[in-house]
file run-v7.cif (mmCIF, C-alpha atoms and all ligand atoms; chains and numbers go by the auth columns)
data_my_file
#
loop_
_atom_site.group_PDB
_atom_site.id
_atom_site.type_symbol
_atom_site.label_atom_id
_atom_site.label_comp_id
_atom_site.label_asym_id
_atom_site.label_seq_id
_atom_site.Cartn_x
_atom_site.Cartn_y
_atom_site.Cartn_z
_atom_site.B_iso_or_equiv
_atom_site.auth_seq_id
_atom_site.auth_asym_id
ATOM 1 C CA MET A 1 -4.692 -10.251 3.723 0.00 3 J
ATOM 2 C CA ILE A 2 -4.195 -6.640 4.777 0.00 4 J
ATOM 3 C CA ARG A 3 -7.015 -4.279 4.050 0.00 5 J
ATOM 4 C CA PRO A 4 -5.667 -0.807 3.258 0.00 6 J
ATOM 5 C CA LYS A 5 -7.011 1.595 5.876 0.00 7 J
ATOM 6 C CA LYS A 6 -9.368 4.107 4.297 0.00 8 J
ATOM 7 C CA ARG A 7 -7.829 7.537 4.065 0.00 9 J
ATOM 8 C CA GLN A 8 -9.737 10.639 3.113 0.00 10 J
ATOM 9 C CA THR A 9 -7.372 13.431 4.042 0.00 11 J
ATOM 10 C CA GLY A 10 -3.885 14.651 3.245 0.00 12 J
ATOM 11 C CA LEU A 11 -1.788 13.849 0.203 0.00 13 J
ATOM 12 C CA PHE A 12 1.090 11.390 0.072 0.00 14 J
ATOM 13 C CA LEU A 13 3.772 12.212 -2.496 0.00 15 J
ATOM 14 C CA THR A 14 6.968 10.194 -2.927 0.00 16 J
ATOM 15 C CA PHE A 15 10.113 10.892 -4.936 0.00 17 J
ATOM 16 C CA GLU A 16 12.115 8.073 -6.477 0.00 18 J
ATOM 17 C CA GLY A 17 15.084 7.726 -8.773 0.00 19 J
ATOM 18 C CA PRO A 18 18.605 6.372 -9.185 0.00 20 J
ATOM 19 C CA ASP A 19 21.434 7.831 -7.085 0.00 21 J
ATOM 20 C CA GLY A 20 22.448 11.262 -8.374 0.00 22 J
ATOM 21 C CA SER A 21 19.151 11.945 -10.167 0.00 23 J
ATOM 22 C CA GLY A 22 18.437 15.165 -8.260 0.00 24 J
ATOM 23 C CA LYS A 23 15.246 13.868 -6.596 0.00 25 J
ATOM 24 C CA THR A 24 16.204 15.218 -3.163 0.00 26 J
ATOM 25 C CA THR A 25 16.646 18.726 -4.563 0.00 27 J
ATOM 26 C CA GLN A 26 13.289 18.426 -6.342 0.00 28 J
ATOM 27 C CA SER A 27 11.441 17.053 -3.307 0.00 29 J
ATOM 28 C CA GLN A 28 12.749 19.909 -1.149 0.00 30 J
ATOM 29 C CA LYS A 29 11.867 22.485 -3.813 0.00 31 J
ATOM 30 C CA LEU A 30 8.351 21.070 -3.860 0.00 32 J
ATOM 31 C CA LEU A 31 8.095 21.383 -0.072 0.00 33 J
ATOM 32 C CA GLY A 32 9.190 25.032 -0.358 0.00 34 J
ATOM 33 C CA ARG A 33 6.541 25.756 -3.002 0.00 35 J
ATOM 34 C CA LEU A 34 3.815 24.033 -0.988 0.00 36 J
ATOM 35 C CA LEU A 35 4.652 25.994 2.163 0.00 37 J
ATOM 36 C CA GLU A 36 4.876 29.227 0.201 0.00 38 J
ATOM 37 C CA ALA A 37 1.412 28.583 -1.207 0.00 39 J
ATOM 38 C CA GLY A 38 0.137 28.114 2.368 0.00 40 J
ATOM 39 C CA TYR A 39 -0.275 24.323 2.436 0.00 41 J
ATOM 40 C CA ASP A 40 0.436 22.287 5.559 0.00 42 J
ATOM 41 C CA ALA A 41 3.271 20.039 4.399 0.00 43 J
ATOM 42 C CA VAL A 42 6.125 17.968 5.831 0.00 44 J
ATOM 43 C CA TRP A 43 9.238 16.564 4.182 0.00 45 J
ATOM 44 C CA THR A 44 10.731 13.257 5.232 0.00 46 J
ATOM 45 C CA ARG A 45 12.984 10.574 3.793 0.00 47 J
ATOM 46 C CA GLU A 46 13.843 6.880 3.763 0.00 48 J
ATOM 47 C CA PRO A 47 15.838 5.397 5.155 0.00 49 J
ATOM 48 C CA GLY A 48 15.247 8.017 7.832 0.00 50 J
ATOM 49 C CA GLY A 49 12.406 10.166 9.043 0.00 51 J
ATOM 50 C CA THR A 50 12.559 8.799 12.600 0.00 52 J
ATOM 51 C CA ARG A 51 15.460 8.194 14.973 0.00 53 J
ATOM 52 C CA LEU A 52 15.264 4.490 14.119 0.00 54 J
ATOM 53 C CA GLY A 53 15.272 5.257 10.396 0.00 55 J
ATOM 54 C CA GLU A 54 18.194 7.675 10.655 0.00 56 J
ATOM 55 C CA VAL A 55 20.234 5.131 12.644 0.00 57 J
ATOM 56 C CA LEU A 56 19.489 2.531 9.966 0.00 58 J
ATOM 57 C CA ARG A 57 20.498 5.031 7.271 0.00 59 J
ATOM 58 C CA GLU A 58 23.891 5.504 8.895 0.00 60 J
ATOM 59 C CA LEU A 59 24.352 1.773 9.327 0.00 61 J
ATOM 60 C CA MET A 60 23.314 0.999 5.759 0.00 62 J
ATOM 61 C CA LEU A 61 25.090 3.742 3.890 0.00 63 J
ATOM 62 C CA ASP A 62 28.230 4.449 5.910 0.00 64 J
ATOM 63 C CA ASN A 63 31.286 2.481 5.030 0.00 65 J
ATOM 64 C CA ASP A 64 31.783 1.045 8.514 0.00 66 J
ATOM 65 C CA PRO A 65 34.176 -1.914 8.118 0.00 67 J
ATOM 66 C CA GLU A 66 32.895 -3.411 11.393 0.00 68 J
ATOM 67 C CA LEU A 67 29.427 -3.812 9.919 0.00 69 J
ATOM 68 C CA GLY A 68 30.639 -6.761 7.859 0.00 70 J
ATOM 69 C CA GLU A 69 28.495 -8.220 5.108 0.00 71 J
ATOM 70 C CA VAL A 70 24.778 -7.360 5.307 0.00 72 J
ATOM 71 C CA SER A 71 22.902 -9.486 2.801 0.00 73 J
ATOM 72 C CA PRO A 72 20.261 -7.892 0.535 0.00 74 J
ATOM 73 C CA ARG A 73 17.606 -10.004 2.319 0.00 75 J
ATOM 74 C CA VAL A 74 18.592 -8.542 5.690 0.00 76 J
ATOM 75 C CA GLU A 75 18.765 -5.063 4.134 0.00 77 J
ATOM 76 C CA ALA A 76 15.223 -5.460 2.792 0.00 78 J
ATOM 77 C CA MET A 77 13.865 -6.605 6.178 0.00 79 J
ATOM 78 C CA LEU A 78 15.567 -3.768 8.085 0.00 80 J
ATOM 79 C CA LEU A 79 14.311 -1.179 5.593 0.00 81 J
ATOM 80 C CA SER A 80 10.774 -2.553 5.774 0.00 82 J
ATOM 81 C CA ALA A 81 10.781 -2.598 9.594 0.00 83 J
ATOM 82 C CA ALA A 82 12.019 0.997 9.740 0.00 84 J
ATOM 83 C CA ARG A 83 9.373 1.893 7.146 0.00 85 J
ATOM 84 C CA ALA A 84 6.582 0.409 9.292 0.00 86 J
ATOM 85 C CA HIS A 85 7.771 2.554 12.198 0.00 87 J
ATOM 86 C CA HIS A 86 8.100 5.664 9.982 0.00 88 J
ATOM 87 C CA ILE A 87 4.529 5.178 8.801 0.00 89 J
ATOM 88 C CA ASP A 88 3.112 4.638 12.303 0.00 90 J
ATOM 89 C CA ASP A 89 5.129 7.435 13.872 0.00 91 J
ATOM 90 C CA LEU A 90 5.084 10.167 11.241 0.00 92 J
ATOM 91 C CA ILE A 91 3.488 9.505 7.861 0.00 93 J
ATOM 92 C CA ARG A 92 0.055 8.169 8.876 0.00 94 J
ATOM 93 C CA PRO A 93 -0.497 10.691 11.719 0.00 95 J
ATOM 94 C CA SER A 94 0.476 13.536 9.356 0.00 96 J
ATOM 95 C CA LEU A 95 -1.929 12.345 6.657 0.00 97 J
ATOM 96 C CA ASP A 96 -4.681 11.838 9.239 0.00 98 J
ATOM 97 C CA ALA A 97 -4.138 15.452 10.297 0.00 99 J
ATOM 98 C CA GLY A 98 -4.746 16.513 6.684 0.00 100 J
ATOM 99 C CA LYS A 99 -1.093 17.307 5.870 0.00 101 J
ATOM 100 C CA ILE A 100 0.760 16.816 2.620 0.00 102 J
ATOM 101 C CA VAL A 101 3.643 14.379 3.138 0.00 103 J
ATOM 102 C CA VAL A 102 6.578 14.633 0.726 0.00 104 J
ATOM 103 C CA CYS A 103 8.756 11.543 1.162 0.00 105 J
ATOM 104 C CA ASP A 104 12.189 11.181 -0.468 0.00 106 J
ATOM 105 C CA ARG A 105 12.194 7.430 -1.359 0.00 107 J
ATOM 106 C CA PHE A 106 9.663 4.831 -0.180 0.00 108 J
ATOM 107 C CA VAL A 107 8.638 1.238 -1.037 0.00 109 J
ATOM 108 C CA ASP A 108 9.544 1.646 -4.711 0.00 110 J
ATOM 109 C CA SER A 109 13.213 2.091 -3.746 0.00 111 J
ATOM 110 C CA THR A 110 13.169 -1.328 -2.063 0.00 112 J
ATOM 111 C CA ILE A 111 11.622 -2.822 -5.205 0.00 113 J
ATOM 112 C CA ALA A 112 14.291 -1.126 -7.385 0.00 114 J
ATOM 113 C CA TYR A 113 17.418 -1.591 -5.210 0.00 115 J
ATOM 114 C CA GLN A 114 16.825 -4.860 -3.329 0.00 116 J
ATOM 115 C CA GLY A 115 14.611 -6.298 -6.111 0.00 117 J
ATOM 116 C CA GLY A 116 16.096 -4.957 -9.372 0.00 118 J
ATOM 117 C CA GLY A 117 19.640 -4.242 -8.156 0.00 119 J
ATOM 118 C CA SER A 118 20.167 -7.170 -5.762 0.00 120 J
ATOM 119 C CA LYS A 119 17.796 -9.539 -7.601 0.00 121 J
ATOM 120 C CA LEU A 120 15.557 -10.472 -4.647 0.00 122 J
ATOM 121 C CA ASP A 121 12.090 -11.802 -5.472 0.00 123 J
ATOM 122 C CA ILE A 122 10.033 -8.711 -6.312 0.00 124 J
ATOM 123 C CA ASP A 123 6.669 -10.321 -5.472 0.00 125 J
ATOM 124 C CA ALA A 124 7.996 -11.257 -2.018 0.00 126 J
ATOM 125 C CA LEU A 125 9.255 -7.684 -1.515 0.00 127 J
ATOM 126 C CA ARG A 126 5.861 -6.311 -2.520 0.00 128 J
ATOM 127 C CA ARG A 127 4.119 -8.599 0.007 0.00 129 J
ATOM 128 C CA ILE A 128 6.496 -7.726 2.851 0.00 130 J
ATOM 129 C CA ASN A 129 6.111 -4.040 2.113 0.00 131 J
ATOM 130 C CA HIS A 130 2.347 -4.241 1.827 0.00 132 J
ATOM 131 C CA PHE A 131 2.418 -5.633 5.364 0.00 133 J
ATOM 132 C CA ALA A 132 4.991 -3.046 6.576 0.00 134 J
ATOM 133 C CA ALA A 133 3.032 -0.170 5.058 0.00 135 J
ATOM 134 C CA SER A 134 -0.356 -1.582 6.153 0.00 136 J
ATOM 135 C CA GLY A 135 -1.511 -1.013 2.596 0.00 137 J
ATOM 136 C CA LEU A 136 -0.479 2.646 2.376 0.00 138 J
ATOM 137 C CA VAL A 137 0.441 3.602 -1.201 0.00 139 J
ATOM 138 C CA PRO A 138 1.544 7.017 -2.452 0.00 140 J
ATOM 139 C CA ASP A 139 -1.050 9.166 -4.219 0.00 141 J
ATOM 140 C CA LEU A 140 1.683 10.205 -6.649 0.00 142 J
ATOM 141 C CA VAL A 141 5.208 8.916 -7.262 0.00 143 J
ATOM 142 C CA VAL A 142 7.579 11.373 -8.947 0.00 144 J
ATOM 143 C CA LEU A 143 10.319 9.459 -10.745 0.00 145 J
ATOM 144 C CA VAL A 144 13.360 11.607 -11.444 0.00 146 J
ATOM 145 C CA ASP A 145 15.077 9.348 -13.920 0.00 147 J
ATOM 146 C CA ILE A 146 18.696 9.452 -15.060 0.00 148 J
ATOM 147 C CA PRO A 147 20.953 6.909 -16.796 0.00 149 J
ATOM 148 C CA ALA A 148 22.836 5.142 -13.990 0.00 150 J
ATOM 149 C CA ALA A 149 26.288 6.161 -15.278 0.00 151 J
ATOM 150 C CA ASP A 150 25.274 9.851 -15.395 0.00 152 J
ATOM 151 C CA GLY A 151 23.859 9.671 -11.865 0.00 153 J
ATOM 152 C CA ILE A 152 26.995 8.113 -10.398 0.00 154 J
ATOM 153 C CA ALA A 153 29.178 10.604 -12.325 0.00 155 J
ATOM 154 C CA ARG A 154 27.142 13.452 -10.774 0.00 156 J
ATOM 155 C CA ARG A 155 27.587 11.977 -7.304 0.00 157 J
ATOM 156 C CA LEU A 156 31.341 11.619 -7.917 0.00 158 J
ATOM 157 C CA ARG A 157 31.567 15.281 -8.953 0.00 159 J
ATOM 158 C CA LEU A 158 29.827 16.242 -5.698 0.00 160 J
ATOM 159 C CA VAL A 159 32.470 14.396 -3.668 0.00 161 J
ATOM 160 C CA ALA A 160 35.342 15.928 -5.672 0.00 162 J
ATOM 161 C CA GLY A 161 36.001 12.719 -7.617 0.00 163 J
ATOM 162 C CA ASP A 162 36.826 10.640 -4.518 0.00 164 J
ATOM 163 C CA PRO A 163 35.159 7.213 -4.952 0.00 165 J
ATOM 164 C CA GLU A 164 35.839 6.434 -1.270 0.00 166 J
ATOM 165 C CA ALA A 165 33.402 9.191 -0.304 0.00 167 J
ATOM 166 C CA LEU A 166 30.490 7.402 -2.034 0.00 168 J
ATOM 167 C CA SER A 167 27.995 5.435 0.083 0.00 169 J
ATOM 168 C CA ARG A 168 28.066 1.630 0.324 0.00 170 J
ATOM 169 C CA MET A 169 25.143 1.554 -2.077 0.00 171 J
ATOM 170 C CA GLU A 170 26.691 3.972 -4.567 0.00 172 J
ATOM 171 C CA LYS A 171 29.869 1.883 -4.645 0.00 173 J
ATOM 172 C CA ARG A 172 28.037 -1.103 -6.094 0.00 174 J
ATOM 173 C CA GLY A 173 28.937 -1.496 -9.762 0.00 175 J
ATOM 174 C CA LEU A 174 27.298 0.015 -12.807 0.00 176 J
ATOM 175 C CA GLY A 175 25.535 -3.307 -13.557 0.00 177 J
ATOM 176 C CA PHE A 176 23.724 -2.999 -10.193 0.00 178 J
ATOM 177 C CA HIS A 177 22.740 0.623 -10.821 0.00 179 J
ATOM 178 C CA ASN A 178 21.557 -0.139 -14.367 0.00 180 J
ATOM 179 C CA ARG A 179 19.236 -2.834 -12.955 0.00 181 J
ATOM 180 C CA VAL A 180 17.961 -0.388 -10.322 0.00 182 J
ATOM 181 C CA ARG A 181 17.121 2.153 -13.008 0.00 183 J
ATOM 182 C CA ARG A 182 15.442 -0.467 -15.215 0.00 184 J
ATOM 183 C CA GLN A 183 13.265 -1.547 -12.275 0.00 185 J
ATOM 184 C CA PHE A 184 12.195 2.045 -11.578 0.00 186 J
ATOM 185 C CA LEU A 185 11.145 2.353 -15.233 0.00 187 J
ATOM 186 C CA ASN A 186 9.260 -0.996 -15.018 0.00 188 J
ATOM 187 C CA SER A 187 7.434 0.083 -11.859 0.00 189 J
ATOM 188 C CA ALA A 188 6.462 3.386 -13.500 0.00 190 J
ATOM 189 C CA ALA A 189 5.162 1.561 -16.576 0.00 191 J
ATOM 190 C CA ARG A 190 2.952 -0.655 -14.353 0.00 192 J
ATOM 191 C CA ALA A 191 1.027 2.316 -12.952 0.00 193 J
ATOM 192 C CA PRO A 192 1.423 5.250 -15.365 0.00 194 J
ATOM 193 C CA ASN A 193 -1.475 7.212 -13.815 0.00 195 J
ATOM 194 C CA ARG A 194 0.129 7.223 -10.384 0.00 196 J
ATOM 195 C CA TRP A 195 3.690 7.930 -11.589 0.00 197 J
ATOM 196 C CA LEU A 196 5.073 11.138 -13.066 0.00 198 J
ATOM 197 C CA SER A 197 8.255 10.181 -14.938 0.00 199 J
ATOM 198 C CA LEU A 198 10.762 12.946 -15.631 0.00 200 J
ATOM 199 C CA ASP A 199 14.199 13.211 -17.192 0.00 201 J
ATOM 200 C CA GLY A 200 16.549 14.325 -14.405 0.00 202 J
ATOM 201 C CA ARG A 201 18.885 15.881 -17.002 0.00 203 J
ATOM 202 C CA GLU A 202 16.335 18.645 -17.686 0.00 204 J
ATOM 203 C CA PRO A 203 17.062 22.033 -16.059 0.00 205 J
ATOM 204 C CA GLU A 204 16.198 22.130 -12.340 0.00 206 J
ATOM 205 C CA GLN A 205 13.603 24.878 -12.771 0.00 207 J
ATOM 206 C CA THR A 206 11.830 23.083 -15.652 0.00 208 J
ATOM 207 C CA LEU A 207 11.564 19.938 -13.519 0.00 209 J
ATOM 208 C CA SER A 208 10.301 21.879 -10.523 0.00 210 J
ATOM 209 C CA ASP A 209 7.626 23.641 -12.627 0.00 211 J
ATOM 210 C CA THR A 210 6.420 20.360 -14.182 0.00 212 J
ATOM 211 C CA ILE A 211 6.175 18.721 -10.740 0.00 213 J
ATOM 212 C CA TRP A 212 4.331 21.727 -9.329 0.00 214 J
ATOM 213 C CA ARG A 213 1.727 21.696 -12.131 0.00 215 J
ATOM 214 C CA ARG A 214 1.024 17.998 -11.538 0.00 216 J
ATOM 215 C CA VAL A 215 0.850 18.396 -7.758 0.00 217 J
ATOM 216 C CA GLU A 216 -1.591 21.309 -8.167 0.00 218 J
ATOM 217 C CA GLU A 217 -3.855 18.956 -10.164 0.00 219 J
ATOM 218 C CA GLU A 218 -3.675 16.331 -7.388 0.00 220 J
ATOM 219 C CA LEU A 219 -4.470 18.945 -4.744 0.00 221 J
ATOM 220 C CA GLN A 220 -7.471 20.123 -6.705 0.00 222 J
ATOM 221 C CA ALA A 221 -8.722 16.616 -7.403 0.00 223 J
ATOM 222 C CA ARG A 222 -8.623 15.826 -3.660 0.00 224 J
ATOM 223 C CA SER A 223 -9.874 19.241 -2.544 0.00 225 J
ATOM 224 C CA VAL A 224 -6.784 19.854 -0.385 0.00 226 J
ATOM 225 C CA GLU A 225 -6.849 23.537 0.546 0.00 227 J
ATOM 226 C CA PRO A 226 -4.112 25.897 1.793 0.00 228 J
ATOM 227 C CA VAL A 227 -4.312 26.615 5.526 0.00 229 J
ATOM 228 C CA GLY A 228 -2.112 29.738 5.711 0.00 230 J
ATOM 229 C CA THR A 229 1.595 30.245 6.309 0.00 231 J
ATOM 230 C CA GLN A 230 3.105 27.172 7.967 0.00 232 J
ATOM 231 C CA PRO A 231 6.528 26.616 9.505 0.00 233 J
ATOM 232 C CA GLY A 232 6.702 23.109 7.937 0.00 234 J
ATOM 233 C CA ARG A 233 9.076 20.439 9.088 0.00 235 J
ATOM 234 C CA LEU A 234 12.287 19.066 7.675 0.00 236 J
ATOM 235 C CA PHE A 235 12.215 15.551 9.225 0.00 237 J
HETATM 236 P P1 LIG B . 19.443 8.777 -0.829 0.00 301 Q
HETATM 237 O O1 LIG B . 18.089 8.831 -0.226 0.00 301 Q
HETATM 238 O O2 LIG B . 20.366 9.823 -0.328 0.00 301 Q
HETATM 239 O O3 LIG B . 19.403 8.688 -2.303 0.00 301 Q
HETATM 240 O O4 LIG B . 20.169 7.436 -0.324 0.00 301 Q
HETATM 241 C C1 LIG B . 19.492 6.333 0.060 0.00 301 Q
HETATM 242 C C2 LIG B . 20.220 5.101 -0.450 0.00 301 Q
HETATM 243 O O5 LIG B . 19.578 3.966 0.125 0.00 301 Q
HETATM 244 C C3 LIG B . 20.171 4.953 -1.946 0.00 301 Q
HETATM 245 O O6 LIG B . 21.410 4.456 -2.429 0.00 301 Q
HETATM 246 C C4 LIG B . 19.104 3.910 -2.149 0.00 301 Q
HETATM 247 C C5 LIG B . 19.147 3.080 -0.882 0.00 301 Q
HETATM 248 N N1 LIG B . 17.840 2.490 -0.530 0.00 301 Q
HETATM 249 C C6 LIG B . 17.636 1.144 -0.766 0.00 301 Q
HETATM 250 O O7 LIG B . 18.530 0.454 -1.233 0.00 301 Q
HETATM 251 N N2 LIG B . 16.408 0.618 -0.474 0.00 301 Q
HETATM 252 C C7 LIG B . 15.397 1.356 0.062 0.00 301 Q
HETATM 253 O O8 LIG B . 14.295 0.834 0.316 0.00 301 Q
HETATM 254 C C8 LIG B . 15.634 2.753 0.311 0.00 301 Q
HETATM 255 C C9 LIG B . 14.547 3.594 0.899 0.00 301 Q
HETATM 256 C C10 LIG B . 16.871 3.269 -0.001 0.00 301 Q
#

call {"tool": "encode", "arguments": {"input": "run-v7.cif", "output": "structure tokens"}}
result
Amino acid sequence: MIRPKKRQTGLFLTFEGPDGSGKTTQSQKLLGRLLEAGYDAVWTREPGGTRLGEVLRELMLDNDPELGEVSPRVEAMLLSAARAHHIDDLIRPSLDAGKIVVCDRFVDSTIAYQGGGSKLDIDALRRINHFAASGLVPDLVVLVDIPAADGIARRLRLVAGDPEALSRMEKRGLGFHNRVRRQFLNSAARAPNRWLSLDGREPEQTLSDTIWRRVEEELQARSVEPVGTQPGRLF
């Protein structure tokens, strides 16, 4: 059994949600507000955040015909391995240095996409990810929720209606994306104190203000103080 390493500093915030929910916009807005208020914060994403993670992102999401069929099981293992590296290389050292880490997607995306969407065993995914993350869990998960059909329609609008421009993951059918969304809602219901669930169809500014108020509470509760004007880091 893995004992979570004790952590007394920093704040680990993750953003989750179906494709097209607007969580990336919101996570970057939050980073901007944190830096403006003088906090030491970094933004990162999964898959991504390290060279290894970014290479995996390209492999997983690009529509490279030479990639062939990658099974959900393989997908889950690759994502978890890249996550372990992301944690060792960037997330844990940043938290240990007292920084606020804003991460666009984390373990809960594996539970929703590979578990809910692709129907892999969710308990097994939780165990693998507990090992990969060496017990690290977010202090707060912001769920930017949206009905799957609305999210995919938004993504299609962004690529001028060309379905070929969607990622491999986005091209999976509506049934898949409905299961992903349902799993996000289930995960949020399991730990309501650690999740902030929002309706991604609300105006951008309303969402950003709600997230900011909640993050301010977390900062206060953990006595995380501003350190002055910081350059920040976009992965
Ligand atoms: P996004 O971060 O731009 O939304 O794209 C990441 C895609 O990768 C998205 O379709 C969800 C998918 N994904 C998984 O399937 N499992 C995971 O564990 C993660 C982090 C992402």

call {"tool": "residues_around", "arguments": {"input": "run-v7.cif", "residues": "range 64-79 of chain J", "least_positions_apart": "6", "cutoff": "10 Å", "atoms": "all atoms listed in the file", "output": "VMD selection string"}}
result
chain J and resid 58 85 112 to 113 115 to 117 119 to 123 127 130 to 131 134 166 to 171 173

call {"tool": "resolve_selection", "arguments": {"input": "run-v7.cif", "expression": "the PyMOL selection byres (((chain J and resi 41) around 8) and not hetatm)", "output": "list in words"}}
result
Leu36, Leu37, Glu38, Ala39, Gly40, Asp42, Ala43, Lys101, Ile102, Glu227, Pro228, Val229, Gly230, Thr231 and Gln232 of chain J

call {"tool": "residues_around", "arguments": {"input": "run-v7.cif", "residues": "Ala155 in chain J", "least_positions_apart": "6", "cutoff": "12 Å", "atoms": "all atoms listed in the file", "output": "ChimeraX atom specification"}}
result
/J:20-23,148-149,161-165,168,172-173,176,179

call {"tool": "write_last_selection", "arguments": {"input": "run-v7.cif", "atoms": "C-alpha atoms", "output": "short mmCIF file (atom, residue, chain, number, x, y, z; two decimals), in the coordinates of the input"}}
result
data_model
loop_
_atom_site.label_atom_id
_atom_site.label_comp_id
_atom_site.auth_asym_id
_atom_site.auth_seq_id
_atom_site.Cartn_x
_atom_site.Cartn_y
_atom_site.Cartn_z
CA PRO J 20 18.60 6.37 -9.18
CA ASP J 21 21.43 7.83 -7.08
CA GLY J 22 22.45 11.26 -8.37
CA SER J 23 19.15 11.94 -10.17
CA ILE J 148 18.70 9.45 -15.06
CA PRO J 149 20.95 6.91 -16.80
CA VAL J 161 32.47 14.40 -3.67
CA ALA J 162 35.34 15.93 -5.67
CA GLY J 163 36.00 12.72 -7.62
CA ASP J 164 36.83 10.64 -4.52
CA PRO J 165 35.16 7.21 -4.95
CA LEU J 168 30.49 7.40 -2.03
CA GLU J 172 26.69 3.97 -4.57
CA LYS J 173 29.87 1.88 -4.64
CA LEU J 176 27.30 0.02 -12.81
CA HIS J 179 22.74 0.62 -10.82
#

call {"tool": "closest_residue", "arguments": {"input": "run-v7.cif", "among": "J:Ala83, J:Leu63, J:Ala135, J:Val103", "to": "ligand LIG 301 (chain Q)", "atoms": "only C-alpha atoms and all ligand atoms"}}
result
J:Leu63

call {"tool": "atom_distance", "arguments": {"input": "run-v7.cif", "atom1": "CA of Glu218 in chain J", "atom2": "CA of Pro95 in chain J"}}
result
22.6 Å

call {"tool": "atom_distance", "arguments": {"input": "run-v7.cif", "atom1": "CA of Asp110 in chain J", "atom2": "CA of Gly50 in chain J"}}
result
15.2 Å

call {"tool": "residues_near_point", "arguments": {"input": "run-v7.cif", "point": "(10.7, 15.3, 13.9)", "cutoff": "12 Å", "atoms": "all atoms listed in the file", "output": "list in words"}}
result
Val44, Trp45, Thr46, Arg47, Gly50, Gly51, Thr52, Arg53, Leu54, Gly55, Glu56, His88, Asp91, Leu92, Ile93, Ser96, Gly234, Arg235, Leu236 and Phe237 of chain J

call {"tool": "closest_residue", "arguments": {"input": "run-v7.cif", "among": "J:Ala126, J:Cys105, J:Ala151, J:Ala190", "to": "ligand LIG 301 (chain Q)", "atoms": "all atoms listed in the file"}}
result
J:Cys105

call {"tool": "atom_distance", "arguments": {"input": "run-v7.cif", "atom1": "atom C10 of ligand LIG 301 (chain Q)", "atom2": "CA of Ala99 in chain J"}}
result
26.4 Å

call {"tool": "resolve_selection", "arguments": {"input": "run-v7.cif", "expression": "the PyMOL selection byres (((chain J and resi 17) around 12) and not hetatm)", "output": "ChimeraX atom specification"}}
result
/J:14-16,18-21,23-33,45-48,103-111,140-147,186,190,196-200,202,213

call {"tool": "closest_residue", "arguments": {"input": "run-v7.cif", "among": "J:Leu209, J:Val182, J:Leu221, J:Ile89", "to": "ligand LIG 301 (chain Q)", "atoms": "all atoms listed in the file"}}
result
J:Val182

call {"tool": "closest_residue", "arguments": {"input": "run-v7.cif", "among": "J:Val217, J:Leu80, J:Leu13, J:Val57", "to": "ligand LIG 301 (chain Q)", "atoms": "only C-alpha atoms and all ligand atoms"}}
result
J:Leu80

call {"tool": "closest_residue", "arguments": {"input": "run-v7.cif", "among": "J:Arg224, J:Arg59, J:Arg181, J:Arg129", "to": "ligand LIG 301 (chain Q)", "atoms": "only C-alpha atoms and all ligand atoms"}}
result
J:Arg59
